[in-house]
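protein18.cif (mmCIF, C-alpha atoms) appears below.
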```cif
data_protein
#
loop_
_atom_site.label_atom_id
_atom_site.label_comp_id
_atom_site.auth_asym_id
_atom_site.auth_seq_id
_atom_site.Cartn_x
_atom_site.Cartn_y
_atom_site.Cartn_z
CA MET V 361 0.00 0.00 0.00
CA GLN V 362 1.13 3.49 -0.70
CA GLU V 363 1.59 5.65 2.36
CA SER V 364 -1.54 7.51 3.29
CA GLY V 365 -0.88 8.64 6.82
CA SER V 366 1.37 8.09 9.79
CA GLY V 367 3.11 4.71 9.78
CA GLN V 368 2.79 2.14 12.54
CA THR V 369 5.76 0.60 14.26
CA THR V 370 4.91 -2.81 12.78
CA ASP V 371 5.11 -1.46 9.25
CA THR V 372 8.08 -1.27 6.93
CA ARG V 373 8.40 2.11 5.27
CA VAL V 374 10.57 2.27 2.17
CA LYS V 375 11.51 5.09 -0.14
CA VAL V 376 11.20 4.34 -3.84
CA ARG V 377 13.08 6.45 -6.35
CA TYR V 378 12.39 6.45 -10.07
CA PHE V 379 15.33 7.56 -12.19
CA GLN V 380 14.73 9.18 -15.58
CA MET V 381 11.21 7.81 -15.92
CA ASN V 382 9.40 11.03 -16.63
CA SER V 383 7.76 9.70 -19.79
CA ALA V 384 6.26 6.72 -17.95
CA LEU V 385 5.63 8.48 -14.65
CA PRO V 386 5.31 12.20 -15.32
CA GLY V 387 6.28 14.23 -12.29
CA VAL V 388 6.92 11.19 -10.08
CA THR V 389 10.50 10.86 -8.94
CA LYS V 390 10.03 9.35 -5.50
CA GLU V 391 7.37 7.78 -3.33
CA TYR V 392 7.11 6.14 0.04
CA TYR V 393 5.47 2.77 0.47
CA VAL V 394 4.37 1.26 3.74
CA LEU V 395 4.22 -2.53 3.85
CA PRO V 396 3.23 -4.81 6.72
CA SER V 397 6.30 -6.23 8.44
CA PRO V 398 8.06 -8.49 7.72
CA ALA V 399 8.14 -7.29 4.13
CA VAL V 400 9.98 -8.73 1.15
CA TYR V 401 10.86 -7.16 -2.18
CA SER V 402 8.19 -9.00 -4.23
CA GLU V 403 5.51 -7.32 -2.09
CA LEU V 404 6.92 -3.91 -2.84
CA ARG V 405 7.16 -4.76 -6.53
CA ALA V 406 3.48 -5.76 -6.53
CA ALA V 407 2.53 -2.55 -4.74
CA VAL V 408 4.53 -0.42 -7.18
CA ILE V 409 2.90 -2.12 -10.18
CA ALA V 410 -0.55 -1.75 -8.60
CA SER V 411 0.09 1.98 -8.22
CA HIS V 412 1.66 2.32 -11.67
CA PRO V 413 0.42 -0.37 -14.08
CA VAL V 414 2.44 1.31 -16.83
CA LEU V 415 5.55 -0.15 -15.17
CA THR V 416 4.44 -3.77 -15.71
CA ARG V 417 5.94 -3.85 -19.18
CA MET V 418 9.10 -2.03 -18.12
CA MET V 419 9.76 -4.05 -14.97
CA PRO V 420 11.64 -6.97 -16.61
CA THR V 421 14.25 -4.64 -18.09
CA MET V 422 14.58 -2.34 -15.13
CA LEU V 423 17.62 -2.30 -12.88
CA VAL V 424 16.29 -2.46 -9.33
CA LEU V 425 18.51 -1.80 -6.34
CA VAL V 426 17.59 -2.11 -2.68
CA ASP V 427 20.14 -0.01 -0.87
CA GLY V 428 22.47 -0.55 -3.81
CA VAL V 429 22.00 -4.30 -4.11
CA VAL V 430 19.95 -6.18 -6.71
CA PRO V 431 17.11 -7.87 -4.78
CA LYS V 432 15.44 -11.23 -5.28
CA GLY V 433 11.73 -11.63 -4.67
CA ASP V 434 12.30 -12.89 -1.15
CA THR V 435 14.86 -10.24 -0.22
CA PRO V 436 13.71 -8.80 3.12
CA LEU V 437 12.98 -5.10 3.23
CA GLN V 438 14.00 -3.12 6.27
CA ASP V 439 12.31 -0.02 7.56
CA GLY V 440 14.03 2.95 5.89
CA ASP V 441 15.36 1.05 2.89
CA GLU V 442 15.79 2.94 -0.38
CA VAL V 443 14.72 1.17 -3.54
CA ASP V 444 15.84 2.53 -6.89
CA TYR V 445 14.20 1.82 -10.22
CA ILE V 446 16.38 2.59 -13.23
CA PRO V 447 15.23 1.95 -16.79
CA THR V 448 17.76 -0.06 -18.78
CA ILE V 449 17.69 -2.29 -21.84
CA GLY V 450 19.10 -5.35 -20.14
CA GLY V 451 17.62 -5.22 -16.66
CA GLY V 452 19.46 -6.09 -13.46
CA MET H 1426 24.38 -13.58 -22.84
CA THR H 1427 26.66 -14.12 -19.88
CA LEU H 1428 28.51 -11.31 -18.17
CA ASP H 1429 31.58 -11.83 -16.03
CA TYR H 1430 30.82 -10.01 -12.81
CA ASN H 1431 34.20 -11.06 -11.40
CA GLU H 1432 36.19 -9.12 -13.96
CA PRO H 1433 37.70 -6.11 -12.15
CA LEU H 1434 35.95 -2.88 -13.06
CA PRO H 1435 39.06 -1.04 -14.35
CA GLU H 1436 39.57 -3.90 -16.81
CA VAL H 1437 35.90 -3.79 -17.82
CA VAL H 1438 36.12 -0.04 -18.48
CA ALA H 1439 39.35 -0.44 -20.46
CA ARG H 1440 37.75 -3.16 -22.55
CA LEU H 1441 34.60 -1.11 -23.14
CA LYS H 1442 36.74 1.85 -24.22
CA ASN H 1443 38.62 -0.42 -26.56
CA GLU H 1444 35.34 -1.64 -28.03
CA HIS H 1445 34.46 2.00 -28.73
CA ARG H 1446 37.78 2.38 -30.57
CA GLU H 1447 37.22 -0.78 -32.57
CA LEU H 1448 33.84 0.50 -33.68
CA ILE H 1449 35.19 3.82 -35.02
CA PRO H 1450 36.38 2.54 -38.44
CA LYS H 1451 33.27 0.40 -38.81
CA LEU H 1452 31.01 3.38 -38.14
CA ARG H 1453 33.05 5.53 -40.52
CA ARG H 1454 32.66 2.91 -43.24
CA ILE H 1455 28.90 2.68 -42.62
CA GLU H 1456 28.62 6.47 -42.62
CA ASN H 1457 30.54 6.75 -45.91
CA LEU H 1458 28.46 4.03 -47.51
CA ALA H 1459 25.30 5.73 -46.31
CA GLU H 1460 26.33 8.87 -48.20
CA SER H 1461 26.34 7.33 -51.64
CA GLY H 1462 27.20 3.64 -51.46
CA ASP H 1463 25.11 0.51 -51.79
CA MET H 1464 22.42 0.53 -49.10
CA ARG H 1465 22.31 -3.27 -49.09
CA VAL H 1466 25.92 -3.24 -47.88
CA VAL H 1467 25.05 -0.61 -45.25
CA ILE H 1468 22.25 -2.82 -43.93
CA THR H 1469 24.50 -5.87 -43.86
CA GLU H 1470 27.22 -3.96 -42.00
CA LEU H 1471 24.68 -2.70 -39.46
CA LYS H 1472 23.43 -6.25 -38.93
CA VAL H 1473 27.01 -7.36 -38.32
CA ILE H 1474 27.65 -4.75 -35.60
CA LYS H 1475 24.19 -5.09 -34.03
CA PRO H 1476 24.95 -7.97 -31.58
CA LEU H 1477 28.25 -6.38 -30.58
CA VAL H 1478 26.68 -3.00 -29.94
CA LEU H 1479 23.77 -4.43 -27.95
CA ARG H 1480 25.98 -6.67 -25.85
CA HIS H 1481 28.25 -3.71 -25.16
CA ALA H 1482 25.28 -1.57 -24.05
CA VAL H 1483 23.85 -4.23 -21.77
CA GLU H 1484 27.27 -4.78 -20.18
CA GLU H 1485 27.71 -1.06 -19.55
CA GLU H 1486 24.41 -0.89 -17.72
CA ALA H 1487 25.00 -4.08 -15.77
CA ARG H 1488 28.59 -3.43 -14.72
CA LEU H 1489 28.80 0.36 -14.40
CA LEU H 1490 25.49 1.49 -12.99
CA ARG H 1491 25.65 -0.54 -9.80
CA PRO H 1492 28.91 0.87 -8.43
CA ILE H 1493 27.78 4.36 -9.44
CA MET H 1494 24.46 3.93 -7.63
CA TRP H 1495 26.19 2.36 -4.63
CA GLU H 1496 28.81 5.04 -4.12
CA TYR H 1497 27.59 8.15 -5.93
CA LYS H 1498 23.82 7.97 -6.11
CA ALA H 1499 23.52 11.75 -5.78
CA GLU H 1500 25.69 12.19 -8.88
CA ALA H 1501 24.23 9.29 -10.85
CA GLU H 1502 21.53 11.17 -12.74
CA GLU H 1503 23.79 12.39 -15.54
CA SER H 1504 25.18 8.91 -16.15
CA ILE H 1505 21.67 7.47 -16.23
CA ILE H 1506 20.66 10.12 -18.76
CA VAL H 1507 23.64 9.18 -20.94
CA LEU H 1508 22.80 5.48 -20.72
CA ARG H 1509 19.15 6.18 -21.53
CA TYR H 1510 20.31 6.56 -25.13
CA HIS H 1511 20.53 2.75 -25.21
CA ARG H 1512 16.75 2.67 -25.66
CA GLU H 1513 17.07 4.62 -28.89
CA LEU H 1514 19.87 2.29 -29.90
CA VAL H 1515 17.61 -0.73 -29.40
CA ASP H 1516 14.79 1.04 -31.19
CA PHE H 1517 16.96 1.63 -34.24
CA LEU H 1518 18.57 -1.82 -34.35
CA ASP H 1519 15.44 -3.82 -33.53
CA HIS H 1520 12.77 -1.80 -35.29
CA LYS H 1521 14.21 0.59 -37.86
CA LEU H 1522 17.02 -1.54 -39.24
CA PRO H 1523 14.72 -4.40 -40.41
CA ASN H 1524 12.69 -1.83 -42.35
CA LEU H 1525 15.49 0.23 -43.86
CA ALA H 1526 15.31 -1.67 -47.13
CA ILE H 1527 11.69 -0.71 -47.70
CA LEU H 1528 12.10 2.96 -46.84
CA PRO H 1529 12.65 5.55 -49.55
CA GLU H 1530 16.40 5.48 -50.15
CA GLN H 1531 17.09 9.06 -49.09
CA VAL H 1532 15.14 8.55 -45.86
CA ALA H 1533 17.03 5.34 -45.12
CA ARG H 1534 20.37 7.04 -45.78
CA ARG H 1535 19.45 9.88 -43.45
CA GLU H 1536 18.34 7.44 -40.70
CA VAL H 1537 21.69 5.67 -40.88
CA ARG H 1538 23.70 8.88 -40.83
CA ILE H 1539 21.77 10.09 -37.78
CA PHE H 1540 22.26 6.74 -36.05
CA VAL H 1541 26.01 6.78 -36.63
CA LYS H 1542 26.36 10.37 -35.48
CA GLU H 1543 24.35 9.78 -32.31
CA LEU H 1544 26.17 6.57 -31.46
CA ARG H 1545 29.52 8.30 -31.85
CA ASN H 1546 28.38 11.18 -29.62
CA HIS H 1547 27.03 8.69 -27.12
CA HIS H 1548 30.38 6.93 -26.84
CA GLN H 1549 32.06 10.27 -26.20
CA GLU H 1550 29.54 11.11 -23.50
CA GLU H 1551 30.05 7.75 -21.84
CA GLU H 1552 33.80 8.22 -21.77
CA LYS H 1553 33.42 11.73 -20.38
CA THR H 1554 30.72 11.02 -17.80
CA VAL H 1555 29.89 7.39 -17.07
CA PHE H 1556 33.26 5.66 -17.23
CA PRO H 1557 35.11 8.11 -14.93
CA LEU H 1558 32.32 8.05 -12.34
CA ALA H 1559 32.20 4.24 -12.40
CA LEU H 1560 35.97 4.08 -11.87
CA LYS H 1561 35.77 6.67 -9.08
CA ALA H 1562 32.97 4.68 -7.45
CA ASN H 1563 34.92 1.46 -7.74
CA SER H 1564 38.01 3.05 -6.27
CA ARG H 1565 36.05 4.49 -3.34
CA TYR H 1566 34.37 1.15 -2.70
CA GLU H 1567 37.71 -0.67 -2.71
CA LYS H 1568 39.31 1.84 -0.37
CA ARG H 1569 36.43 1.48 2.03
CA SER H 1570 36.62 -2.30 1.85
CA GLU H 1571 40.37 -2.17 2.54
CA SER H 1572 39.99 0.07 5.58
CA LYS H 1573 37.21 -2.17 6.86
CA GLN H 1574 39.52 -5.18 6.57
CA LEU H 1575 42.28 -3.31 8.39
CA ARG H 1576 39.92 -2.53 11.25
CA ILE H 1577 39.00 -6.22 11.51
#
```
Show the structure stored in the file as structure tokens.
Amino acid sequence: MQESGSGQTTDTRVKVRYFQMNSALPGVTKEYYVLPSPAVYSELRAAVIASHPVLTRMMPTMLVLVDGVVPKGDTPLQDGDEVDYIPTIGGG
Amino acid sequence: MTLDYNEPLPEVVARLKNEHRELIPKLRRIENLAESGDMRVVITELKVIKPLVLRHAVEEEARLLRPIMWEYKAEAEESIIVLRYHRELVDFLDHKLPNLAILPEQVARREVRIFVKELRNHHQEEEKTVFPLALKANSRYEKRSESKQLRI
């Protein structure tokens, strides 16, 4: 779920940054998502796609970094993590 | 396509630079042919360089962006903008190239000349912006790793 109010201590709040994606997401460069803890990357990915269906097609070729590291679906997310989405031609 | 993630970054950058150099005469030949030569030869030459150019682009993104994002995220935007050109590269090689033969000849010649010019400029931008930042990021990462080991 996308953040709508104050987070709870049992939630995982992550910052998502979109690099050079103005054509797909006009005006959106960063967002915060709040996921129930314990959260894993695949849950964030699903939440991002739910918020921005236009990214579904781009996702396979996007470089995704969770605090600088390429995540797997079951990579745990920590409160305060930064997740970067970077459009590429080859993906991560 | 398999990439060697164990190859040290300075060697990767040197190799990528060398691949730019190796492409220069090929691009010049394509550009000259696109002026007044046989367009069938131009298309064949472009098909020959296509897999090399695409592999090169994918490797740049895979090997250079991560250290940049890890160490210099605040300065990464310009490098990402430079690498965004790869989408246009794919667009030309995957979508325009197969149709060059059916385009009016002058249009096809112009498309090729533009492609060559932009690719050449792109390589220069990479060498000016992306490669140095990737090397700087790699160096900073290694220094930090060394000092961490010393503390242990």
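The residue that comes closest to chain H, out of V:Met381, V:Thr435, V:Leu415, V:Ala399 and on the basis of all atoms listed in the file, is V:Met381.
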Which residues of chain V are close to chain H, meaning at most 9 Å apart when you count only C-alpha atoms, and how do they look as a PDB file with C-alpha atoms, in the frame of the given file?
```pdb
ATOM      1  CA  PHE V 379      15.330   7.560 -12.190  1.00  0.00           C
ATOM      2  CA  GLN V 380      14.730   9.180 -15.580  1.00  0.00           C
ATOM      3  CA  LEU V 423      17.620  -2.300 -12.880  1.00  0.00           C
ATOM      4  CA  LEU V 425      18.510  -1.800  -6.340  1.00  0.00           C
ATOM      5  CA  ASP V 427      20.140  -0.010  -0.870  1.00  0.00           C
ATOM      6  CA  GLY V 428      22.470  -0.550  -3.810  1.00  0.00           C
ATOM      7  CA  VAL V 429      22.000  -4.300  -4.110  1.00  0.00           C
ATOM      8  CA  VAL V 430      19.950  -6.180  -6.710  1.00  0.00           C
ATOM      9  CA  ASP V 444      15.840   2.530  -6.890  1.00  0.00           C
ATOM     10  CA  ILE V 446      16.380   2.590 -13.230  1.00  0.00           C
ATOM     11  CA  PRO V 447      15.230   1.950 -16.790  1.00  0.00           C
ATOM     12  CA  THR V 448      17.760  -0.060 -18.780  1.00  0.00           C
ATOM     13  CA  ILE V 449      17.690  -2.290 -21.840  1.00  0.00           C
ATOM     14  CA  GLY V 450      19.100  -5.350 -20.140  1.00  0.00           C
ATOM     15  CA  GLY V 451      17.620  -5.220 -16.660  1.00  0.00           C
ATOM     16  CA  GLY V 452      19.460  -6.090 -13.460  1.00  0.00           C
TER      17      GLY V 452
END
```
> In Å to one decimal, how far is CA of Leu1471 (chain H) from CA of Leu1448 (chain H)?
Replying inline: 11.3 Å
>> Counting all atoms listed in the file, find residues at most 12 Å from (38.4, -1.0, -22.9) (file frame) and give them as a VMD selection string.
In response: chain H and resid 1433 to 1448 1481 1485 1548 1552 1556
>> Applying the PyMOL selection byres ((chain H and resi 1466-1470) around 12) to the file I just gave you, which residues come out? Please list them as a PyMOL selection string.
In response: chain H and resi 1448+1450-1465+1471-1477+1517-1518+1521-1527+1530+1533-1534+1536-1538+1541
> Within 7 Å of (10.6, -11.1, -7.6), in the coordinates the file gives, what residues turn up when you count all atoms listed in the file, written out as a ChimeraX atom specification?
Replying inline: /V:401-402,432-434
With 8 Å added on each side, what axis-aligned box encloses every listed atom of region 1478-1483 of chain H? Give the centre and edge lengths in Å to one decimal, as JSON.
```
{"center_x": 26.0, "center_y": -4.1, "center_z": -25.9, "size_x": 20.5, "size_y": 21.1, "size_z": 24.2}
```
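Among the candidates V:Met422, V:Val443, V:Ala406, V:Leu395, the residue lying nearest to Arg373 (chain V) is V:Leu395 (atoms considered: all atoms listed in the file).
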> How far is it from CA of Tyr1497 (chain H) to CA of Gly387 (chain V), in Å with one decimal?
Replying inline: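 It comes out at 23.1 Å.
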> Mind pulling up the distance from CA of Ala1559 (chain H) to CA of Gln438 (chain V)?
Replying inline: 27.1 Å
Give me the residues near Val374 (chain V) as a PDB file with C-alpha atoms, keeping the file's coordinate frame, where near means some atom within 6 Å (using all atoms listed in the file) and where sequence neighbours in that chain fewer than 2 positions away do not count.
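Result written to result08.pdb:
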```
ATOM      1  CA  TYR V 392       7.110   6.140   0.040  1.00  0.00           C
ATOM      2  CA  TYR V 393       5.470   2.770   0.470  1.00  0.00           C
ATOM      3  CA  GLY V 440      14.030   2.950   5.890  1.00  0.00           C
ATOM      4  CA  ASP V 441      15.360   1.050   2.890  1.00  0.00           C
ATOM      5  CA  GLU V 442      15.790   2.940  -0.380  1.00  0.00           C
TER       6      GLU V 442
END
```
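Distances from V:Thr370, V:Pro398, V:Val414, V:Val426 to Pro386 (chain V) were compared using all atoms listed in the file, and the smallest one belongs to V:Val414.
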> Can you list, as a ChimeraX atom specification, the residues that the PyMOL selection byres ((chain V and resi 391) around 10) selects here?
Replying inline: /V:362-363,374-378,388-390,392-393,408,443
> Which is closest to Ala384 (chain V) among V:Pro396, V:Met418, V:Thr372, V:Leu404, if we use all atoms listed in the file?
Replying inline: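 Closest to Ala384 (chain V) of all the choices is V:Met418.
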My structure is short of atoms at region 1461-1484 of chain H; please model N, CA and C atoms there, returning them as a PDB file, in the coordinates of the input.
```pdb
ATOM      1  N   SER H1461      26.617   7.573 -50.233  1.00  0.00           N
ATOM      2  CA  SER H1461      26.340   7.330 -51.640  1.00  0.00           C
ATOM      3  C   SER H1461      26.580   5.880 -52.074  1.00  0.00           C
ATOM      4  N   GLY H1462      26.893   5.023 -51.100  1.00  0.00           N
ATOM      5  CA  GLY H1462      27.200   3.640 -51.460  1.00  0.00           C
ATOM      6  C   GLY H1462      25.943   2.773 -51.564  1.00  0.00           C
ATOM      7  N   ASP H1463      26.186   1.484 -51.653  1.00  0.00           N
ATOM      8  CA  ASP H1463      25.110   0.510 -51.790  1.00  0.00           C
ATOM      9  C   ASP H1463      24.417   0.319 -50.435  1.00  0.00           C
ATOM     10  N   MET H1464      23.139   0.629 -50.380  1.00  0.00           N
ATOM     11  CA  MET H1464      22.420   0.530 -49.100  1.00  0.00           C
ATOM     12  C   MET H1464      22.297  -0.915 -48.614  1.00  0.00           C
ATOM     13  N   ARG H1465      22.368  -1.863 -49.528  1.00  0.00           N
ATOM     14  CA  ARG H1465      22.310  -3.270 -49.090  1.00  0.00           C
ATOM     15  C   ARG H1465      23.552  -3.603 -48.258  1.00  0.00           C
ATOM     16  N   VAL H1466      24.682  -3.016 -48.658  1.00  0.00           N
ATOM     17  CA  VAL H1466      25.920  -3.240 -47.880  1.00  0.00           C
ATOM     18  C   VAL H1466      25.805  -2.548 -46.521  1.00  0.00           C
ATOM     19  N   VAL H1467      25.238  -1.347 -46.519  1.00  0.00           N
ATOM     20  CA  VAL H1467      25.050  -0.610 -45.250  1.00  0.00           C
ATOM     21  C   VAL H1467      24.221  -1.460 -44.285  1.00  0.00           C
ATOM     22  N   ILE H1468      23.133  -2.022 -44.781  1.00  0.00           N
ATOM     23  CA  ILE H1468      22.250  -2.820 -43.930  1.00  0.00           C
ATOM     24  C   ILE H1468      22.972  -4.062 -43.415  1.00  0.00           C
ATOM     25  N   THR H1469      23.736  -4.687 -44.284  1.00  0.00           N
ATOM     26  CA  THR H1469      24.500  -5.870 -43.860  1.00  0.00           C
ATOM     27  C   THR H1469      25.515  -5.492 -42.781  1.00  0.00           C
ATOM     28  N   GLU H1470      26.205  -4.393 -42.994  1.00  0.00           N
ATOM     29  CA  GLU H1470      27.220  -3.960 -42.000  1.00  0.00           C
ATOM     30  C   GLU H1470      26.560  -3.639 -40.664  1.00  0.00           C
ATOM     31  N   LEU H1471      25.396  -3.019 -40.713  1.00  0.00           N
ATOM     32  CA  LEU H1471      24.680  -2.700 -39.460  1.00  0.00           C
ATOM     33  C   LEU H1471      24.251  -3.985 -38.751  1.00  0.00           C
ATOM     34  N   LYS H1472      23.838  -4.970 -39.530  1.00  0.00           N
ATOM     35  CA  LYS H1472      23.430  -6.250 -38.930  1.00  0.00           C
ATOM     36  C   LYS H1472      24.626  -6.956 -38.285  1.00  0.00           C
ATOM     37  N   VAL H1473      25.800  -6.738 -38.870  1.00  0.00           N
ATOM     38  CA  VAL H1473      27.010  -7.360 -38.320  1.00  0.00           C
ATOM     39  C   VAL H1473      27.359  -6.726 -36.960  1.00  0.00           C
ATOM     40  N   ILE H1474      27.251  -5.406 -36.872  1.00  0.00           N
ATOM     41  CA  ILE H1474      27.650  -4.750 -35.600  1.00  0.00           C
ATOM     42  C   ILE H1474      26.536  -4.819 -34.543  1.00  0.00           C
ATOM     43  N   LYS H1475      25.321  -5.118 -34.965  1.00  0.00           N
ATOM     44  CA  LYS H1475      24.190  -5.090 -34.030  1.00  0.00           C
ATOM     45  C   LYS H1475      24.430  -5.913 -32.737  1.00  0.00           C
ATOM     46  N   PRO H1476      24.773  -7.220 -32.831  1.00  0.00           N
ATOM     47  CA  PRO H1476      24.950  -7.970 -31.580  1.00  0.00           C
ATOM     48  C   PRO H1476      26.073  -7.439 -30.706  1.00  0.00           C
ATOM     49  N   LEU H1477      27.128  -6.925 -31.342  1.00  0.00           N
ATOM     50  CA  LEU H1477      28.250  -6.380 -30.580  1.00  0.00           C
ATOM     51  C   LEU H1477      27.833  -5.121 -29.831  1.00  0.00           C
ATOM     52  N   VAL H1478      27.101  -4.275 -30.534  1.00  0.00           N
ATOM     53  CA  VAL H1478      26.680  -3.000 -29.940  1.00  0.00           C
ATOM     54  C   VAL H1478      25.689  -3.244 -28.806  1.00  0.00           C
ATOM     55  N   LEU H1479      24.764  -4.167 -28.996  1.00  0.00           N
ATOM     56  CA  LEU H1479      23.770  -4.430 -27.950  1.00  0.00           C
ATOM     57  C   LEU H1479      24.414  -5.086 -26.725  1.00  0.00           C
ATOM     58  N   ARG H1480      25.318  -6.027 -26.976  1.00  0.00           N
ATOM     59  CA  ARG H1480      25.980  -6.670 -25.850  1.00  0.00           C
ATOM     60  C   ARG H1480      26.772  -5.640 -25.034  1.00  0.00           C
ATOM     61  N   HIS H1481      27.457  -4.782 -25.757  1.00  0.00           N
ATOM     62  CA  HIS H1481      28.250  -3.710 -25.160  1.00  0.00           C
ATOM     63  C   HIS H1481      27.352  -2.835 -24.272  1.00  0.00           C
ATOM     64  N   ALA H1482      26.188  -2.461 -24.797  1.00  0.00           N
ATOM     65  CA  ALA H1482      25.280  -1.570 -24.050  1.00  0.00           C
ATOM     66  C   ALA H1482      24.752  -2.249 -22.792  1.00  0.00           C
ATOM     67  N   VAL H1483      24.381  -3.504 -22.933  1.00  0.00           N
ATOM     68  CA  VAL H1483      23.850  -4.230 -21.770  1.00  0.00           C
ATOM     69  C   VAL H1483      24.948  -4.357 -20.703  1.00  0.00           C
ATOM     70  N   GLU H1484      26.172  -4.636 -21.145  1.00  0.00           N
ATOM     71  CA  GLU H1484      27.270  -4.780 -20.180  1.00  0.00           C
ATOM     72  C   GLU H1484      27.549  -3.458 -19.467  1.00  0.00           C
TER      73      GLU H1484
END
```
